[in-house]
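Chemist: This is the content of my_file36.pdb (PDB, C-alpha atoms):
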ATOM      1  CA  MET A  35       6.494   9.025   1.470
ATOM      2  CA  SER A  36       3.751  11.657   1.289
ATOM      3  CA  LEU A  37       2.727  13.220  -1.969
ATOM      4  CA  SER A  38       2.170  16.494  -0.102
ATOM      5  CA  GLN A  39       5.946  16.784   0.387
ATOM      6  CA  HIS A  40       6.402  17.019  -3.383
ATOM      7  CA  ILE A  41       3.640  19.562  -4.058
ATOM      8  CA  PRO A  42       5.059  23.009  -5.014
ATOM      9  CA  GLU A  43       4.935  25.549  -2.184
ATOM     10  CA  PHE A  44       2.900  28.058  -4.191
ATOM     11  CA  PHE A  45       0.157  25.454  -4.702
ATOM     12  CA  LEU A  46      -0.011  24.692  -0.969
ATOM     13  CA  GLN A  47      -0.661  28.360  -0.227
ATOM     14  CA  LEU A  48      -3.542  28.732  -2.680
ATOM     15  CA  ASN A  49      -7.186  28.906  -1.678
ATOM     16  CA  PRO A  50      -8.769  25.414  -1.874
ATOM     17  CA  ILE A  51     -11.186  26.645  -4.534
ATOM     18  CA  VAL A  52      -8.274  27.806  -6.682
ATOM     19  CA  GLN A  53      -6.519  24.486  -6.047
ATOM     20  CA  ALA A  54      -9.639  22.656  -7.215
ATOM     21  CA  LEU A  55      -9.831  24.879 -10.290
ATOM     22  CA  LEU A  56      -6.220  24.204 -11.267
ATOM     23  CA  ALA A  57      -6.609  20.470 -10.644
ATOM     24  CA  THR A  58      -9.732  20.211 -12.788
ATOM     25  CA  LEU A  59      -8.147  22.337 -15.502
ATOM     26  CA  PHE A  60      -5.468  19.645 -15.526
ATOM     27  CA  THR A  61      -8.079  16.883 -15.897
ATOM     28  CA  TRP A  62      -9.751  18.872 -18.673
ATOM     29  CA  GLY A  63      -6.364  19.240 -20.357
ATOM     30  CA  VAL A  64      -5.849  15.466 -20.325
ATOM     31  CA  THR A  65      -9.278  15.084 -21.953
ATOM     32  CA  ALA A  66      -8.069  17.439 -24.680
ATOM     33  CA  LEU A  67      -4.843  15.428 -24.980
ATOM     34  CA  GLY A  68      -6.869  12.278 -25.565
ATOM     35  CA  ALA A  69      -9.021  14.093 -28.111
ATOM     36  CA  SER A  70      -5.864  15.222 -29.942
ATOM     37  CA  LEU A  71      -5.280  11.655 -31.134
ATOM     38  CA  VAL A  72      -7.787  12.489 -33.854
ATOM     39  CA  PHE A  73      -5.026  14.451 -35.609
ATOM     40  CA  PHE A  74      -3.063  11.213 -35.994
ATOM     41  CA  PHE A  75      -5.712   8.499 -36.347
ATOM     42  CA  LYS A  76      -9.055   8.317 -38.121
ATOM     43  CA  THR A  77      -9.875   5.145 -36.257
ATOM     44  CA  ILE A  78      -8.486   3.320 -33.258
ATOM     45  CA  ASN A  79      -8.058  -0.408 -32.710
ATOM     46  CA  GLN A  80     -11.067  -1.759 -30.804
ATOM     47  CA  LYS A  81      -8.877  -3.735 -28.409
ATOM     48  CA  VAL A  82      -6.924  -0.609 -27.540
ATOM     49  CA  LEU A  83     -10.124   1.368 -26.974
ATOM     50  CA  ASP A  84     -11.655  -1.387 -24.836
ATOM     51  CA  SER A  85      -8.531  -1.630 -22.699
ATOM     52  CA  MET A  86      -8.526   2.146 -22.224
ATOM     53  CA  LEU A  87     -12.179   2.090 -21.165
ATOM     54  CA  GLY A  88     -11.470  -0.771 -18.772
ATOM     55  CA  LEU A  89      -8.543   1.160 -17.309
ATOM     56  CA  ALA A  90     -10.809   4.183 -16.800
ATOM     57  CA  ALA A  91     -13.393   2.013 -15.035
ATOM     58  CA  GLY A  92     -10.789   0.622 -12.654
ATOM     59  CA  VAL A  93      -9.476   4.081 -11.795
ATOM     60  CA  MET A  94     -12.981   5.339 -11.033
ATOM     61  CA  ILE A  95     -13.863   2.333  -8.849
ATOM     62  CA  ALA A  96     -10.691   2.714  -6.779
ATOM     63  CA  ALA A  97     -11.092   6.490  -6.512
ATOM     64  CA  SER A  98     -14.671   6.055  -5.340
ATOM     65  CA  PHE A  99     -13.539   4.050  -2.326
ATOM     66  CA  TRP A 100     -10.040   5.197  -1.412
ATOM     67  CA  SER A 101     -10.492   8.915  -2.117
ATOM     68  CA  LEU A 102     -14.190   9.401  -1.363
ATOM     69  CA  LEU A 103     -16.022   6.709   0.609
ATOM     70  CA  ALA A 104     -13.241   5.864   3.085
ATOM     71  CA  PRO A 105     -12.754   9.523   4.158
ATOM     72  CA  ALA A 106     -16.542   9.989   4.311
ATOM     73  CA  ILE A 107     -16.894   7.009   6.669
ATOM     74  CA  GLU A 108     -14.083   8.304   8.878
ATOM     75  CA  MET A 109     -15.678  11.756   9.067
ATOM     76  CA  SER A 110     -19.035  10.240  10.048
ATOM     77  CA  GLU A 111     -17.702   8.282  13.010
ATOM     78  CA  GLY A 112     -18.444   9.570  16.500
ATOM     79  CA  LYS A 113     -21.379  11.709  15.404
ATOM     80  CA  SER A 114     -25.021  11.535  16.495
ATOM     81  CA  LEU A 115     -26.007   9.487  13.443
ATOM     82  CA  PRO A 116     -24.683   5.974  12.720
ATOM     83  CA  ALA A 117     -21.446   6.292  10.697
ATOM     84  CA  TRP A 118     -22.916   4.375   7.767
ATOM     85  CA  LEU A 119     -26.055   6.498   7.362
ATOM     86  CA  PRO A 120     -24.631   9.744   5.851
ATOM     87  CA  VAL A 121     -22.431   7.670   3.530
ATOM     88  CA  LEU A 122     -25.346   5.496   2.453
ATOM     89  CA  LEU A 123     -27.607   8.484   1.799
ATOM     90  CA  GLY A 124     -24.917  10.330  -0.145
ATOM     91  CA  PHE A 125     -23.861   7.289  -2.153
ATOM     92  CA  MET A 126     -27.402   6.365  -3.196
ATOM     93  CA  GLY A 127     -28.208  10.022  -3.828
ATOM     94  CA  GLY A 128     -25.269  10.342  -6.237
ATOM     95  CA  GLY A 129     -26.307   7.246  -8.159
ATOM     96  CA  LEU A 130     -29.965   8.314  -8.337
ATOM     97  CA  PHE A 131     -28.967  11.800  -9.482
ATOM     98  CA  LEU A 132     -26.984  10.397 -12.414
ATOM     99  CA  TRP A 133     -29.838   7.999 -13.181
ATOM    100  CA  LEU A 134     -32.280  10.918 -13.412
ATOM    101  CA  VAL A 135     -29.931  12.923 -15.605
ATOM    102  CA  ASP A 136     -29.434   9.835 -17.773
ATOM    103  CA  GLN A 137     -33.201   9.476 -18.189
ATOM    104  CA  TYR A 138     -33.885  13.036 -19.293
ATOM    105  CA  LEU A 139     -30.744  14.545 -20.851
ATOM    106  CA  PRO A 140     -30.539  13.612 -24.557
ATOM    107  CA  HIS A 141     -27.296  11.746 -25.258
ATOM    108  CA  MET A 142     -25.893   8.874 -27.294
ATOM    109  CA  HIS A 143     -23.201   6.390 -26.294
ATOM    110  CA  THR A 144     -20.435   5.401 -28.688
ATOM    111  CA  GLY A 145     -21.525   2.478 -30.860
ATOM    112  CA  ALA A 146     -25.218   2.910 -30.035
ATOM    113  CA  ASP A 147     -27.860   3.150 -32.752
ATOM    114  CA  LYS A 148     -30.271   5.481 -31.003
ATOM    115  CA  ALA A 149     -30.205   8.292 -28.496
ATOM    116  CA  GLU A 150     -31.264   8.045 -24.856
ATOM    117  CA  GLY A 151     -33.156  10.597 -22.805
ATOM    118  CA  VAL A 152     -36.031  12.743 -24.029
ATOM    119  CA  PRO A 153     -36.611  12.717 -27.817
ATOM    120  CA  THR A 154     -34.645  15.379 -29.679
ATOM    121  CA  GLN A 155     -33.536  16.421 -33.139
ATOM    122  CA  TRP A 156     -30.031  17.282 -31.974
ATOM    123  CA  ARG A 157     -27.192  16.093 -34.168
ATOM    124  CA  ARG A 158     -25.407  12.845 -33.381
ATOM    125  CA  SER A 159     -22.162  14.712 -32.646
ATOM    126  CA  ILE A 160     -23.815  16.756 -29.890
ATOM    127  CA  LEU A 161     -25.394  13.639 -28.394
ATOM    128  CA  LEU A 162     -22.024  11.838 -28.301
ATOM    129  CA  VAL A 163     -20.411  14.786 -26.507
ATOM    130  CA  LEU A 164     -23.239  14.923 -23.965
ATOM    131  CA  ALA A 165     -22.771  11.221 -23.145
ATOM    132  CA  ILE A 166     -19.147  11.783 -22.101
ATOM    133  CA  THR A 167     -20.077  15.059 -20.400
ATOM    134  CA  LEU A 168     -22.320  13.024 -18.092
ATOM    135  CA  HIS A 169     -19.189  11.155 -16.925
ATOM    136  CA  ASN A 170     -17.243  14.312 -16.282
ATOM    137  CA  ILE A 171     -19.723  16.017 -13.969
ATOM    138  CA  PRO A 172     -19.189  13.621 -11.018
ATOM    139  CA  GLU A 173     -15.461  13.419 -11.759
ATOM    140  CA  GLY A 174     -15.017  17.182 -11.509
ATOM    141  CA  MET A 175     -17.233  17.264  -8.433
ATOM    142  CA  ALA A 176     -15.178  14.540  -6.767
ATOM    143  CA  VAL A 177     -11.923  16.462  -7.256
ATOM    144  CA  GLY A 178     -13.446  19.706  -5.977
ATOM    145  CA  VAL A 179     -14.969  18.077  -2.903
ATOM    146  CA  ALA A 180     -11.651  16.351  -2.148
ATOM    147  CA  PHE A 181      -9.780  19.672  -2.098
ATOM    148  CA  GLY A 182     -12.506  21.261   0.017
ATOM    149  CA  ALA A 183     -12.364  18.351   2.457
ATOM    150  CA  ALA A 184      -8.560  18.604   2.702
ATOM    151  CA  ALA A 185      -8.903  22.252   3.750
ATOM    152  CA  HIS A 186     -10.870  21.167   6.833
ATOM    153  CA  GLY A 187      -7.934  19.078   8.064
ATOM    154  CA  PHE A 188      -9.631  15.702   8.429
ATOM    155  CA  SER A 189      -7.112  12.871   8.758
ATOM    156  CA  GLY A 190      -8.761  10.851   6.018
ATOM    157  CA  ALA A 191      -8.880  13.733   3.554
ATOM    158  CA  THR A 192      -5.440  15.206   2.850
ATOM    159  CA  LEU A 193      -4.125  17.458   0.122
ATOM    160  CA  GLY A 194      -2.023  14.550  -1.104
ATOM    161  CA  THR A 195      -5.153  12.440  -1.471
ATOM    162  CA  ALA A 196      -6.878  15.219  -3.422
ATOM    163  CA  VAL A 197      -3.900  15.605  -5.767
ATOM    164  CA  ALA A 198      -3.693  11.825  -6.239
ATOM    165  CA  LEU A 199      -7.406  11.800  -7.103
ATOM    166  CA  ALA A 200      -6.907  14.554  -9.682
ATOM    167  CA  ILE A 201      -4.028  12.594 -11.258
ATOM    168  CA  GLY A 202      -6.144   9.434 -11.371
ATOM    169  CA  ILE A 203      -9.135  11.217 -12.887
ATOM    170  CA  GLY A 204      -6.811  12.823 -15.409
ATOM    171  CA  LEU A 205      -5.429   9.413 -16.435
ATOM    172  CA  GLN A 206      -8.870   8.012 -17.140
ATOM    173  CA  ASN A 207      -9.961  11.177 -18.973
ATOM    174  CA  PHE A 208      -7.507  10.416 -21.761
ATOM    175  CA  PRO A 209      -9.555   7.569 -23.277
ATOM    176  CA  GLU A 210     -12.763   9.547 -22.798
ATOM    177  CA  GLY A 211     -11.464  12.355 -25.006
ATOM    178  CA  THR A 212     -10.399   9.795 -27.590
ATOM    179  CA  ALA A 213     -13.769   8.022 -27.378
ATOM    180  CA  VAL A 214     -15.490  11.236 -28.510
ATOM    181  CA  SER A 215     -13.156  12.673 -31.133
ATOM    182  CA  VAL A 216     -12.147   9.537 -33.062
ATOM    183  CA  PRO A 217     -15.721   8.295 -33.730
ATOM    184  CA  LEU A 218     -16.694  11.795 -34.885
ATOM    185  CA  ARG A 219     -13.748  11.838 -37.286
ATOM    186  CA  ARG A 220     -14.703   8.378 -38.530
ATOM    187  CA  GLU A 221     -18.186   9.696 -39.332
ATOM    188  CA  GLY A 222     -16.724  12.369 -41.611
ATOM    189  CA  MET A 223     -16.191  15.361 -39.335
ATOM    190  CA  SER A 224     -12.997  17.375 -39.874
ATOM    191  CA  ARG A 225     -10.088  16.709 -37.524
ATOM    192  CA  GLY A 226     -10.294  20.190 -36.031
ATOM    193  CA  ARG A 227     -14.012  19.984 -35.269
ATOM    194  CA  ALA A 228     -13.716  16.434 -33.930
ATOM    195  CA  PHE A 229     -10.950  17.613 -31.567
ATOM    196  CA  TRP A 230     -13.042  20.623 -30.527
ATOM    197  CA  TYR A 231     -15.998  18.456 -29.564
ATOM    198  CA  GLY A 232     -13.752  15.925 -27.831
ATOM    199  CA  GLN A 233     -12.127  18.440 -25.515
ATOM    200  CA  LEU A 234     -15.446  20.228 -25.018
ATOM    201  CA  SER A 235     -16.803  17.183 -23.198
ATOM    202  CA  GLY A 236     -14.418  17.939 -20.330
ATOM    203  CA  ILE A 237     -15.304  21.598 -19.866
ATOM    204  CA  VAL A 238     -17.782  20.771 -17.101
ATOM    205  CA  GLU A 239     -15.032  19.429 -14.830
ATOM    206  CA  PRO A 240     -13.598  22.825 -13.756
ATOM    207  CA  ILE A 241     -17.151  24.104 -13.221
ATOM    208  CA  ALA A 242     -18.174  21.096 -11.121
ATOM    209  CA  GLY A 243     -14.845  21.155  -9.278
ATOM    210  CA  VAL A 244     -15.148  24.773  -8.192
ATOM    211  CA  LEU A 245     -18.769  24.309  -7.120
ATOM    212  CA  GLY A 246     -17.910  21.172  -5.153
ATOM    213  CA  ALA A 247     -14.997  22.805  -3.322
ATOM    214  CA  ALA A 248     -16.999  25.942  -2.552
ATOM    215  CA  ALA A 249     -19.956  23.957  -1.221
ATOM    216  CA  VAL A 250     -17.978  21.920   1.301
ATOM    217  CA  LEU A 251     -15.940  24.933   2.431
ATOM    218  CA  VAL A 252     -19.121  26.839   3.278
ATOM    219  CA  MET A 253     -21.078  23.874   4.671
ATOM    220  CA  GLN A 254     -18.702  21.542   6.523
ATOM    221  CA  PRO A 255     -21.488  19.225   7.830
ATOM    222  CA  ILE A 256     -22.307  18.112   4.263
ATOM    223  CA  LEU A 257     -18.779  16.756   3.696
ATOM    224  CA  PRO A 258     -19.549  13.036   4.230
ATOM    225  CA  TYR A 259     -22.660  13.381   2.066
ATOM    226  CA  ALA A 260     -20.793  15.257  -0.672
ATOM    227  CA  LEU A 261     -17.893  12.789  -0.808
ATOM    228  CA  SER A 262     -20.181   9.755  -0.947
ATOM    229  CA  PHE A 263     -22.507  11.525  -3.426
ATOM    230  CA  ALA A 264     -19.587  11.902  -5.838
ATOM    231  CA  ALA A 265     -18.653   8.231  -5.262
ATOM    232  CA  GLY A 266     -22.182   7.046  -6.023
ATOM    233  CA  ALA A 267     -22.315   9.082  -9.218
ATOM    234  CA  MET A 268     -18.961   7.700 -10.357
ATOM    235  CA  ILE A 269     -19.935   4.090  -9.667
ATOM    236  CA  TYR A 270     -23.139   4.637 -11.648
ATOM    237  CA  VAL A 271     -21.081   5.768 -14.642
ATOM    238  CA  VAL A 272     -18.778   2.754 -14.345
ATOM    239  CA  VAL A 273     -21.535   0.147 -14.133
ATOM    240  CA  GLU A 274     -23.973   1.762 -16.565
ATOM    241  CA  GLU A 275     -21.533   2.802 -19.253
ATOM    242  CA  LEU A 276     -17.798   2.116 -19.012
ATOM    243  CA  ILE A 277     -17.758  -1.599 -18.214
ATOM    244  CA  PRO A 278     -20.552  -2.594 -20.647
ATOM    245  CA  GLU A 279     -18.992  -0.525 -23.436
ATOM    246  CA  SER A 280     -15.515  -1.948 -22.814
ATOM    247  CA  GLN A 281     -16.895  -5.481 -23.277
ATOM    248  CA  ARG A 282     -19.382  -4.843 -26.081
ATOM    249  CA  ALA A 283     -16.957  -6.012 -28.799
ATOM    250  CA  GLY A 284     -16.200  -9.276 -26.997
ATOM    251  CA  ASN A 285     -12.813  -8.282 -25.545
ATOM    252  CA  THR A 286     -13.971  -9.255 -22.075
ATOM    253  CA  ASP A 287     -10.703 -10.655 -20.705
ATOM    254  CA  LEU A 288      -8.656  -7.703 -21.938
ATOM    255  CA  ALA A 289     -11.160  -5.177 -20.583
ATOM    256  CA  THR A 290     -11.330  -6.973 -17.221
ATOM    257  CA  LEU A 291      -7.554  -7.108 -16.827
ATOM    258  CA  SER A 292      -7.356  -3.428 -17.768
ATOM    259  CA  THR A 293      -9.953  -2.650 -15.099
ATOM    260  CA  LEU A 294      -7.787  -4.424 -12.524
ATOM    261  CA  ALA A 295      -4.781  -2.432 -13.733
ATOM    262  CA  GLY A 296      -6.685   0.843 -13.452
ATOM    263  CA  PHE A 297      -7.847  -0.011  -9.943
ATOM    264  CA  SER A 298      -4.273  -0.886  -8.939
ATOM    265  CA  ILE A 299      -2.852   2.358 -10.329
ATOM    266  CA  MET A 300      -5.388   4.505  -8.475
ATOM    267  CA  MET A 301      -4.971   2.494  -5.277
ATOM    268  CA  VAL A 302      -1.201   3.015  -5.360
ATOM    269  CA  LEU A 303      -1.602   6.729  -6.061
ATOM    270  CA  ASP A 304      -3.996   7.156  -3.153
ATOM    271  CA  VAL A 305      -2.638   4.773  -0.518
ATOM    272  CA  ALA A 306       1.116   4.905  -1.089
ATOM    273  CA  LEU A 307       1.381   8.584  -2.026
ATOM    274  CA  GLY A 308      -1.732  10.194  -0.545
TER
END
Would it be possible to restate this file's structure as structure tokens?

Modeler:
Amino acid sequence: MSLSQHIPEFFLQLNPIVQALLATLFTWGVTALGASLVFFFKTINQKVLDSMLGLAAGVMIAASFWSLLAPAIEMSEGKSLPAWLPVLLGFMGGGLFLWLVDQYLPHMHTGADKAEGVPTQWRRSILLVLAITLHNIPEGMAVGVAFGAAAHGFSGATLGTAVALAIGIGLQNFPEGTAVSVPLRREGMSRGRAFWYGQLSGIVEPIAGVLGAAAVLVMQPILPYALSFAAGAMIYVVVEELIPESQRAGNTDLATLSTLAGFSIMMVLDVALG
């Protein structure tokens, strides 16, 4: 069964940039849905939060390979350069880019005592939002690049794969929205403002998605680099932030099993339906 067979006809006829925009608006909407939990809870059980973060990590790891690296490798085969070289350069470039942003952009991770990046007097709420925003840049880019790649008709990059990636990214955005809004509420912020900041962390996804789709449509040769760049950035987020944070409270087994579950869900979405 192909997921493309179940995509509405009007969506199939849209420009790939518009498709990427709609898909990343969906992922942004799921971020807002996760942030909306602040209207019902002032705090969230640590085990639940850790399992959600583990699930998000698993989704991102699977998406990085099945939706990004595997198509990039296939596109690189039979070219003048060794097939592994564009993928290696893109993958390392994506990780190094996020590392540089992490070094200089002021931000604060949930549960941390001090901010990272250059010194600033910005409020803690802004720093918490910026930390999650860092995650969402490569996620939005990955979705946009996937839709742009599908428009070129490569066998490894289909519209079904791009839609499956958007669904997977949307699933793991839910805990990210919660991870911003609930801690802000716990610190005394009103429910409305905590929700506003939570959903705001996902606003970069439509921007990054449109830019990613536009870039690969205009410059087809950069496709393997762009796909692997997004994969490298996503893996950096997983290893630097999601996995350590999911295990910080000692719920290592639960977080690990949730990571396996997230990987399995994304793998099924991509392989069986994409």

Chemist: Rounded to one decimal, what separation in Å do you get between atom CA of A:Val302 and atom CA of A:Ala66?

Modeler: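 A separation of 25.1 Å between them.
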
Chemist: Pick out the residues sitting within 10 Å of stretch 198-203 of chain A, and hand them over as a PyMOL selection string; count all atoms listed in the file, and ignore anything fewer than 2 positions along from it in its own chain.

Modeler: chain A and resi 37-38+54+56-62+64-65+90+93-94+96-98+100-102+170+173-174+176-178+180-181+192-196+205-208+296-297+299-308

Chemist: Care to translate the PyMOL selection byres ((chain A and resi 52) around 12) into actual residues of this file, as a ChimeraX atom specification?

Modeler: /A:44-51,53-59,177-178,181-182,185,240-241,243-248

Chemist: Would you save the residues of that selection, restricted to C-alpha atoms, as a compact mmCIF listing (two decimals), in the frame of the given file?

Modeler:
# COMPACT_ATOMS: atom_id res chain seq x y z
CA PHE A 44 2.90 28.06 -4.19
CA PHE A 45 0.16 25.45 -4.70
CA LEU A 46 -0.01 24.69 -0.97
CA GLN A 47 -0.66 28.36 -0.23
CA LEU A 48 -3.54 28.73 -2.68
CA ASN A 49 -7.19 28.91 -1.68
CA PRO A 50 -8.77 25.41 -1.87
CA ILE A 51 -11.19 26.64 -4.53
CA GLN A 53 -6.52 24.49 -6.05
CA ALA A 54 -9.64 22.66 -7.22
CA LEU A 55 -9.83 24.88 -10.29
CA LEU A 56 -6.22 24.20 -11.27
CA ALA A 57 -6.61 20.47 -10.64
CA THR A 58 -9.73 20.21 -12.79
CA LEU A 59 -8.15 22.34 -15.50
CA VAL A 177 -11.92 16.46 -7.26
CA GLY A 178 -13.45 19.71 -5.98
CA PHE A 181 -9.78 19.67 -2.10
CA GLY A 182 -12.51 21.26 0.02
CA ALA A 185 -8.90 22.25 3.75
CA PRO A 240 -13.60 22.82 -13.76
CA ILE A 241 -17.15 24.10 -13.22
CA GLY A 243 -14.84 21.16 -9.28
CA VAL A 244 -15.15 24.77 -8.19
CA LEU A 245 -18.77 24.31 -7.12
CA GLY A 246 -17.91 21.17 -5.15
CA ALA A 247 -15.00 22.80 -3.32
CA ALA A 248 -17.00 25.94 -2.55

Chemist: How would you write, as a PyMOL selection string, the residues chosen by the PyMOL selection byres ((chain A and resi 281-285) around 12) on this structure?

Modeler: chain A and resi 79-88+91+143-146+273+275-280+286-293

Chemist: Determine the nearest neighbour of A:Gly266 from the options A:Gly68, A:Pro172, A:Gly63, A:Gly112, counting all atoms listed in the file.

Modeler: A:Pro172

Chemist: When distances are computed from all atoms listed in the file, which of A:Gly92, A:Ala104, A:Tyr138, A:Ala183 shows the smallest separation from A:Met253?

Modeler: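 Smallest separation from A:Met253 among the options: A:Ala183.
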
Chemist: A:Tyr231: which residues within 12 Å, counting all atoms listed in the file, same-chain residues fewer than 3 positions away excluded, as a PyMOL selection string?

Modeler: chain A and resi 65-66+68-70+72+158-167+210-219+223-228+234-237

Chemist: Using only C-alpha atoms, which of the listed residues (A:Glu239, A:Glu221, A:Tyr270, A:Gly124) sits closest to A:Gly204?

Modeler: A:Glu239

Chemist: Let me make sure I understand: among A:Ala267, A:Phe229, A:Ser298, A:Ala117, which one has the smallest atom-to-atom distance to A:Phe74 if we use all atoms listed in the file?

Modeler: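 Nearest to A:Phe74: A:Phe229.
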
Chemist: What lies within 10 Å of stretch 128-135 of chain A using all atoms listed in the file, ignoring chain neighbours under 4 positions off, as a ChimeraX atom specification?

Modeler: /A:122-124,139-140,151,168-169,171-172,259-271,274

Chemist: Can I get the selection written as a short mmCIF file (atom, residue, chain, number, x, y, z; two decimals), in the frame of the given file, with C-alpha atoms?

Modeler:
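This is the output file part31.cif:
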data_model
loop_
_atom_site.label_atom_id
_atom_site.label_comp_id
_atom_site.auth_asym_id
_atom_site.auth_seq_id
_atom_site.Cartn_x
_atom_site.Cartn_y
_atom_site.Cartn_z
CA LEU A 122 -25.35 5.50 2.45
CA LEU A 123 -27.61 8.48 1.80
CA GLY A 124 -24.92 10.33 -0.14
CA LEU A 139 -30.74 14.54 -20.85
CA PRO A 140 -30.54 13.61 -24.56
CA GLY A 151 -33.16 10.60 -22.80
CA LEU A 168 -22.32 13.02 -18.09
CA HIS A 169 -19.19 11.16 -16.92
CA ILE A 171 -19.72 16.02 -13.97
CA PRO A 172 -19.19 13.62 -11.02
CA TYR A 259 -22.66 13.38 2.07
CA ALA A 260 -20.79 15.26 -0.67
CA LEU A 261 -17.89 12.79 -0.81
CA SER A 262 -20.18 9.76 -0.95
CA PHE A 263 -22.51 11.52 -3.43
CA ALA A 264 -19.59 11.90 -5.84
CA ALA A 265 -18.65 8.23 -5.26
CA GLY A 266 -22.18 7.05 -6.02
CA ALA A 267 -22.32 9.08 -9.22
CA MET A 268 -18.96 7.70 -10.36
CA ILE A 269 -19.93 4.09 -9.67
CA TYR A 270 -23.14 4.64 -11.65
CA VAL A 271 -21.08 5.77 -14.64
CA GLU A 274 -23.97 1.76 -16.57
#

Chemist: If I take atom CA of A:Leu257 and atom CA of A:Val272, how far is one from the other in Å, to one decimal?

Modeler: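 These atoms are spaced 22.8 Å apart.
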
Chemist: Looking at A:Leu67, A:Met175, A:Ala106, A:Leu119, which one is nearest to A:Pro209, with distances taken over only C-alpha atoms?

Modeler: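 Using only C-alpha atoms, the shortest distance to A:Pro209 belongs to A:Leu67.
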
Chemist: Quick one: pull the distance between atom CA of A:Gly232 and atom CA of A:Arg220, Å, one decimal.

Modeler: 13.1 Å

Chemist: Please write the residues picked by the PyMOL selection byres ((chain A and resi 109) around 8) on this file as a ChimeraX atom specification.

Modeler: /A:105-108,110-111,188,190,257-258

Chemist: Given the choices A:Leu71, A:Leu115, A:Val252, A:Ile41, which gets closest to A:Trp230 if the distance is worked out from all atoms listed in the file?

Modeler: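 Closest residue, counting all atoms listed in the file: A:Leu71.
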
Chemist: Quick one: 5 Å padding each side, axis-aligned, all listed atoms of stretch 99-106 of chain A - centre and edge lengths in Å to one decimal, as lines of an AutoDock Vina configuration file?

Modeler:
center_x = -13.3
center_y = 7.0
center_z = 1.0
size_x = 16.5
size_y = 15.9
size_z = 16.6
